[in-house]
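Single-structure report; data block below.
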2 protein chains.
Amino acid sequence: MKLKDLGEFGLIKRLADDISINDAQVVAGIGDDAAAIKAGGPKLILFTTDSLIENVHFTCSTITPYQIGWKALAVNLSDIAAMGGVPKHGLVSIGLPPQTPVDFVDSFYQGIKDLANKFKVNIVGGDTARSPQLIVNISLLGEVEEEYLALRSGAKAGDKVLVTGDLGGSAAHRLAGKHLPPRPRVEEGRVIVRRLWPTSMIDISDGLASDLRHICESSQVGAKIWSQKIPVSEKTRQMSEQSGKDFLRLALEGGEDYELLFTASPRRLSKLMSEIDVSMTVIGEITDQKGKLLLIDKEGKLHPLESKGYEHFKENRP
Amino acid sequence: MKLKDLGEFGLIKRLADDISINDAQVVAGIGDDAAAIKAGGPKLILFTTDSLIENVHFTCSTITPYQIGWKALAVNLSDIAAMGGVPKHGLVSIGLPPQTPVDFVDSFYQGIKDLANKFKVNIVGGDTARSPQLIVNISLLGEVEEEYLALRSGAKAGDKVLVTGDLGGSAAHRLAGKHLPPRPRVEEGRVIVRRLWPTSMIDISDGLASDLRHICESSQVGAKIWSQKIPVSEKTRQMSEQSGKDFLRLALEGGEDYELLFTASPRRLSKLMSEIDVSMTVIGEITDQKGKLLLIDKEGKLHPLESKGYEHFKENRP
């Protein structure tokens, strides 16, 4: 069997099934946006890593070196945000062709440093190597109070499903040969965990449908989503129209929006949602129909919500 | 200017000079084997990362998938050992071609898991992606008591220079088209920091000459090394003879031995060295001649000790 037959999620499941962590220090391990670890202090440590590989995650014709650096850190910040945490310290591991102009490297690092400064993240080290193509891996440490830790696994039937910001923008830009620099929702994540006590949370990297499935699988529940409630900006609608694509499909399957998808109790929401200054939308509800994800269209008809988000080793980015 | 003109150490210096860390939490940042961070608990957190890239750090013809996994974790364990710490939690980020057989991936992970189990390290997550060649990045968290933290920067004139184990074995095997799986000196590092209070420590990844220079630069001192005291095994001597190479050159410049190089006060050593059950050899002495590294040959003649260890972006692996 080849990896392309197993797929990314098949591989992760295979590896995770075979690793048993027997350590009371590890509060959350494989299968969340970041690991959460007790380290003797008053807060949990969050620990995450993400790589960007040239011609896999990006091509240099549609993204500047500055934007590559920015994005490499942004995807990691987003993982910390999805756990309800505050990012603190990063390591940058980079592979570069020897022919790379030093100016390119300077711009790339400037993108990392500007975003790091914005969120008061220290770059405390890393690793450099020669490589046939640009490869960047960032590892990030964050911290979170144990009572605010948000996992994928706590969603309950009756909880509302919410999303920050709007969706499909990254995919619409990609179709137009452009890059939309992600804005990680770190402050928003903090407000959400401190005020709304989310029962589960994830960041939208693979796509709304796929990431909602991750929450439902971890929480052993189902969900229904109203297509008309999914927030899509006017610009994204226009861009997807120009590309001849359905904006709803981009919002559901496009991925890389790095918005936060979370669930919360309706009681808590009705009391507090109006007081909170974070752009967010209720798009659906958690059900007790384990593993069943439904999309309700504008006529009220039910459709199975397929998870066609991006999966590595298979070729399926819309 | 291109990267190949700047070189790896030029690049690291350029990046490090431009990053100022203004955070009392960061005890050691760029320029040591791992970052050391205060996180509110009784111990410091150590944080390190290292990548292996196919056809740069290894070729699949001379190393098995199991050994690649082993090595990817070993180089990180060695970084934690060089700080005097205990490794705790790792993240594995991997890029693989879709055509990779699943058996290959299983063997690769088995190599990581076996070494992780040996040192009670938890694999708490990671990241998988498609990639044209095999790329693996491991990030590792460790911990160390503040009083045992070993940096590169504390060597003083009069200190002895010591090395664990023997050198040149990795290079001799490489010349013979073989791979010698590294054995990270984690337990040895713990004994050294607890009993000998080293004034500086580093692991030998680039090569003895190059890594001794890192200590001398960080500590603002010089050093002299007796060529006849450098420990080289009988097997390494034979293998280098068969390859027509000088074993001393392999020991000085070969790199990838992952032994610990450290300095300690002669008083402390004379009192305790005989009581300690770790294979180690005194090979030289720290001097006050800042930046001057000398090799004393068997006739007692002095030679400048050149740092011809491996440097990425330049082509110079012996």
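Going through the structure tokens in order, the chains are called A, B, and so on, while each chain numbers its residues from 1 and the ligands are numbered from 1 in the order shown.
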
Item to check | Residue hits in chain B, query chain A, radius 7 Å, only C-alpha atoms, as a ChimeraX atom specification | outcome: /B:1-4,8,21,29-30,35,39-42,49-50,56,91,93,98-102,122,124-131,139,312-313

If you keep N, CA and C atoms, can you produce a file of those selected residues as a tab-separated table (two decimals), in the first residue's frame?
```tsv
chain	number	residue	atom	x	y	z
B	1	MET	N	23.91	39.35	-3.30
B	1	MET	CA	24.64	38.26	-2.62
B	1	MET	C	23.74	37.03	-2.49
B	2	LYS	N	24.35	35.86	-2.70
B	2	LYS	CA	23.62	34.60	-2.57
B	2	LYS	C	23.96	33.95	-1.23
B	3	LEU	N	23.09	33.02	-0.80
B	3	LEU	CA	23.33	32.29	0.45
B	3	LEU	C	24.66	31.55	0.44
B	4	LYS	N	25.03	30.99	-0.73
B	4	LYS	CA	26.28	30.22	-0.79
B	4	LYS	C	27.50	31.10	-0.50
B	8	GLU	N	26.32	29.11	6.13
B	8	GLU	CA	25.35	28.84	7.19
B	8	GLU	C	25.58	29.73	8.41
B	21	ILE	N	15.69	39.80	22.02
B	21	ILE	CA	14.64	39.21	22.85
B	21	ILE	C	14.55	40.01	24.14
B	29	GLY	N	18.75	31.94	24.29
B	29	GLY	CA	18.01	31.96	23.02
B	29	GLY	C	18.89	31.49	21.88
B	30	ILE	N	18.87	32.21	20.75
B	30	ILE	CA	19.64	31.83	19.58
B	30	ILE	C	21.13	31.75	19.95
B	35	ALA	N	16.99	26.46	23.29
B	35	ALA	CA	16.57	27.64	24.06
B	35	ALA	C	16.22	27.17	25.47
B	39	ALA	N	9.12	29.04	32.81
B	39	ALA	CA	7.68	28.91	32.52
B	39	ALA	C	6.87	28.82	33.81
B	40	GLY	N	7.41	29.35	34.88
B	40	GLY	CA	6.62	29.42	36.11
B	40	GLY	C	6.79	28.22	37.03
B	41	GLY	N	7.37	27.13	36.50
B	41	GLY	CA	7.58	25.93	37.33
B	41	GLY	C	8.97	25.94	37.95
B	42	PRO	N	9.31	24.88	38.68
B	42	PRO	CA	10.61	24.84	39.35
B	42	PRO	C	11.79	24.64	38.40
B	49	THR	N	14.90	22.26	17.91
B	49	THR	CA	14.34	21.71	16.67
B	49	THR	C	15.47	21.36	15.71
B	50	ASP	N	15.27	20.33	14.90
B	50	ASP	CA	16.26	19.94	13.89
B	50	ASP	C	15.55	19.22	12.76
B	56	VAL	N	20.23	15.71	1.35
B	56	VAL	CA	21.05	16.76	1.95
B	56	VAL	C	21.73	16.16	3.19
B	91	LEU	N	7.42	16.69	18.94
B	91	LEU	CA	6.48	16.79	17.82
B	91	LEU	C	7.22	16.37	16.55
B	93	SER	N	7.18	16.44	12.50
B	93	SER	CA	6.62	17.04	11.29
B	93	SER	C	7.30	16.37	10.11
B	98	PRO	N	3.78	11.04	-2.18
B	98	PRO	CA	2.57	10.20	-2.15
B	98	PRO	C	2.84	8.75	-2.54
B	99	GLN	N	3.93	8.53	-3.30
B	99	GLN	CA	4.27	7.17	-3.75
B	99	GLN	C	4.97	6.34	-2.67
B	100	THR	N	5.26	6.95	-1.51
B	100	THR	CA	5.99	6.23	-0.46
B	100	THR	C	5.19	5.01	0.02
B	101	PRO	N	5.81	3.82	0.08
B	101	PRO	CA	5.11	2.67	0.65
B	101	PRO	C	4.80	2.90	2.13
B	102	VAL	N	3.64	2.46	2.56
B	102	VAL	CA	3.24	2.63	3.96
B	102	VAL	C	4.22	1.88	4.88
B	122	ASN	N	7.63	11.44	25.16
B	122	ASN	CA	6.30	11.31	24.56
B	122	ASN	C	6.25	11.98	23.20
B	124	VAL	N	3.87	13.82	21.15
B	124	VAL	CA	2.58	14.40	21.50
B	124	VAL	C	1.86	15.04	20.31
B	125	GLY	N	2.41	14.89	19.10
B	125	GLY	CA	1.71	15.43	17.95
B	125	GLY	C	2.66	15.64	16.80
B	126	GLY	N	2.20	16.42	15.79
B	126	GLY	CA	3.04	16.67	14.64
B	126	GLY	C	2.23	17.15	13.47
B	127	ASP	N	2.72	16.85	12.30
B	127	ASP	CA	2.18	17.44	11.09
B	127	ASP	C	2.64	16.55	9.94
B	128	THR	N	1.75	16.26	9.00
B	128	THR	CA	2.15	15.47	7.83
B	128	THR	C	1.79	16.22	6.56
B	129	ALA	N	2.63	16.11	5.55
B	129	ALA	CA	2.36	16.78	4.28
B	129	ALA	C	3.00	15.99	3.16
B	130	ARG	N	2.49	16.20	1.98
B	130	ARG	CA	3.13	15.63	0.80
B	130	ARG	C	4.35	16.48	0.47
B	131	SER	N	5.36	15.87	-0.12
B	131	SER	CA	6.61	16.56	-0.41
B	131	SER	C	7.33	15.80	-1.50
B	139	SER	N	10.69	18.62	16.84
B	139	SER	CA	10.87	19.63	17.87
B	139	SER	C	10.76	18.92	19.20
B	312	HIS	N	26.32	24.30	6.01
B	312	HIS	CA	25.32	24.26	4.95
B	312	HIS	C	25.49	25.44	3.99
B	313	PHE	N	25.01	25.26	2.78
B	313	PHE	CA	25.07	26.22	1.66
B	313	PHE	C	26.45	26.21	1.00
```

Item to check | In region 45-130 of chain A, DSSP helix (DSSP H, G or I) residues written as number ranges by chain | outcome: A: 65-82, 102-118

For the residues selected in the previous step, produce a file with N, CA and C atoms as a CSV table (one decimal), in the first residue's frame.
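Listed below is the output, out-v6.csv:
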```
chain,number,residue,atom,x,y,z
A,65,PRO,N,8.2,36.5,-0.6
A,65,PRO,CA,9.0,36.0,0.5
A,65,PRO,C,8.4,36.4,1.9
A,66,TYR,N,8.1,37.7,2.0
A,66,TYR,CA,7.6,38.3,3.2
A,66,TYR,C,6.3,37.5,3.7
A,67,GLN,N,5.4,37.3,2.7
A,67,GLN,CA,4.2,36.6,3.0
A,67,GLN,C,4.4,35.1,3.4
A,68,ILE,N,5.4,34.5,2.8
A,68,ILE,CA,5.7,33.1,3.2
A,68,ILE,C,6.1,33.1,4.7
A,69,GLY,N,7.0,34.0,5.1
A,69,GLY,CA,7.4,34.0,6.5
A,69,GLY,C,6.2,34.3,7.4
A,70,TRP,N,5.4,35.3,7.0
A,70,TRP,CA,4.2,35.6,7.8
A,70,TRP,C,3.3,34.4,7.9
A,71,LYS,N,3.0,33.8,6.8
A,71,LYS,CA,2.1,32.6,6.8
A,71,LYS,C,2.6,31.5,7.7
A,72,ALA,N,4.0,31.2,7.6
A,72,ALA,CA,4.6,30.1,8.3
A,72,ALA,C,4.3,30.3,9.8
A,73,LEU,N,4.4,31.5,10.3
A,73,LEU,CA,4.2,31.7,11.7
A,73,LEU,C,2.7,31.8,12.0
A,74,ALA,N,1.9,32.4,11.1
A,74,ALA,CA,0.4,32.6,11.3
A,74,ALA,C,-0.3,31.2,11.5
A,75,VAL,N,0.1,30.2,10.7
A,75,VAL,CA,-0.6,28.9,10.9
A,75,VAL,C,-0.3,28.3,12.3
A,76,ASN,N,0.8,28.6,12.8
A,76,ASN,CA,1.1,28.1,14.2
A,76,ASN,C,0.4,28.9,15.2
A,77,LEU,N,0.4,30.2,15.0
A,77,LEU,CA,-0.4,31.1,16.0
A,77,LEU,C,-1.8,30.7,16.0
A,78,SER,N,-2.3,30.3,14.8
A,78,SER,CA,-3.7,29.9,14.7
A,78,SER,C,-4.0,28.6,15.6
A,79,ASP,N,-3.0,27.7,15.6
A,79,ASP,CA,-3.2,26.5,16.4
A,79,ASP,C,-3.2,26.8,17.9
A,80,ILE,N,-2.4,27.7,18.3
A,80,ILE,CA,-2.4,28.1,19.7
A,80,ILE,C,-3.7,28.8,20.0
A,81,ALA,N,-4.2,29.7,19.1
A,81,ALA,CA,-5.5,30.4,19.3
A,81,ALA,C,-6.6,29.4,19.4
A,82,ALA,N,-6.6,28.3,18.7
A,82,ALA,CA,-7.6,27.3,18.7
A,82,ALA,C,-7.7,26.5,20.0
A,102,VAL,N,20.2,36.6,-0.7
A,102,VAL,CA,20.1,36.9,0.7
A,102,VAL,C,19.0,37.9,0.9
A,103,ASP,N,18.7,38.8,0.0
A,103,ASP,CA,17.5,39.7,0.1
A,103,ASP,C,16.2,38.9,0.3
A,104,PHE,N,16.1,37.8,-0.4
A,104,PHE,CA,14.9,36.9,-0.3
A,104,PHE,C,14.8,36.4,1.1
A,105,VAL,N,15.9,36.0,1.7
A,105,VAL,CA,15.9,35.4,3.1
A,105,VAL,C,15.6,36.6,4.1
A,106,ASP,N,16.1,37.7,3.8
A,106,ASP,CA,15.8,38.9,4.7
A,106,ASP,C,14.3,39.2,4.7
A,107,SER,N,13.7,39.2,3.5
A,107,SER,CA,12.3,39.5,3.4
A,107,SER,C,11.5,38.5,4.1
A,108,PHE,N,11.8,37.2,3.9
A,108,PHE,CA,11.2,36.1,4.5
A,108,PHE,C,11.2,36.2,6.0
A,109,TYR,N,12.4,36.5,6.6
A,109,TYR,CA,12.5,36.6,8.1
A,109,TYR,C,11.7,37.9,8.6
A,110,GLN,N,11.7,38.9,7.7
A,110,GLN,CA,11.0,40.1,8.1
A,110,GLN,C,9.5,39.8,8.3
A,111,GLY,N,9.0,39.0,7.5
A,111,GLY,CA,7.5,38.5,7.6
A,111,GLY,C,7.3,37.8,8.9
A,112,ILE,N,8.2,36.9,9.2
A,112,ILE,CA,8.1,36.2,10.5
A,112,ILE,C,8.2,37.2,11.7
A,113,LYS,N,9.2,38.1,11.6
A,113,LYS,CA,9.5,39.0,12.8
A,113,LYS,C,8.4,40.0,13.0
A,114,ASP,N,7.8,40.5,11.9
A,114,ASP,CA,6.7,41.5,12.0
A,114,ASP,C,5.5,40.8,12.7
A,115,LEU,N,5.2,39.6,12.3
A,115,LEU,CA,4.0,39.0,12.9
A,115,LEU,C,4.4,38.5,14.4
A,116,ALA,N,5.6,38.1,14.6
A,116,ALA,CA,6.0,37.7,16.0
A,116,ALA,C,5.9,38.9,16.9
A,117,ASN,N,6.4,40.1,16.4
A,117,ASN,CA,6.3,41.3,17.3
A,117,ASN,C,4.9,41.7,17.6
A,118,LYS,N,4.0,41.5,16.6
A,118,LYS,CA,2.6,41.9,16.7
A,118,LYS,C,2.0,41.1,17.9
```

Checklist entry - Where in region 55-298 of chain A does DSSP assign strand (DSSP E), given as an MDAnalysis selection string? => result chainID A and resid 86:96 122:130 135:144 160:164 200:203 222:226 260:264 280:287 293:296

Checklist entry - Please, what distance in Å, to one decimal, runs between CA of Gly255 (chain B) and CA of Arg174 (chain B)? => result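 That distance, rounded to one decimal, is 10.6 Å.
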
Next on the checklist: If we count only C-alpha atoms and set the cut-off at 6 Å, which residues sit around region 144-151 of chain B, ignoring sequence neighbours fewer than 4 positions away in its own chain? Please answer as a ChimeraX atom specification.
Outcome noted: /B:43-44,83-85,193,200-201

Next on the checklist: Would you compute the distance between CA of Thr236 (chain B) and CA of Gly169 (chain B)? Give it in Å to one decimal.
Outcome noted: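 According to the coordinates, CA of Thr236 (chain B) and CA of Gly169 (chain B) are separated by 5.2 Å.
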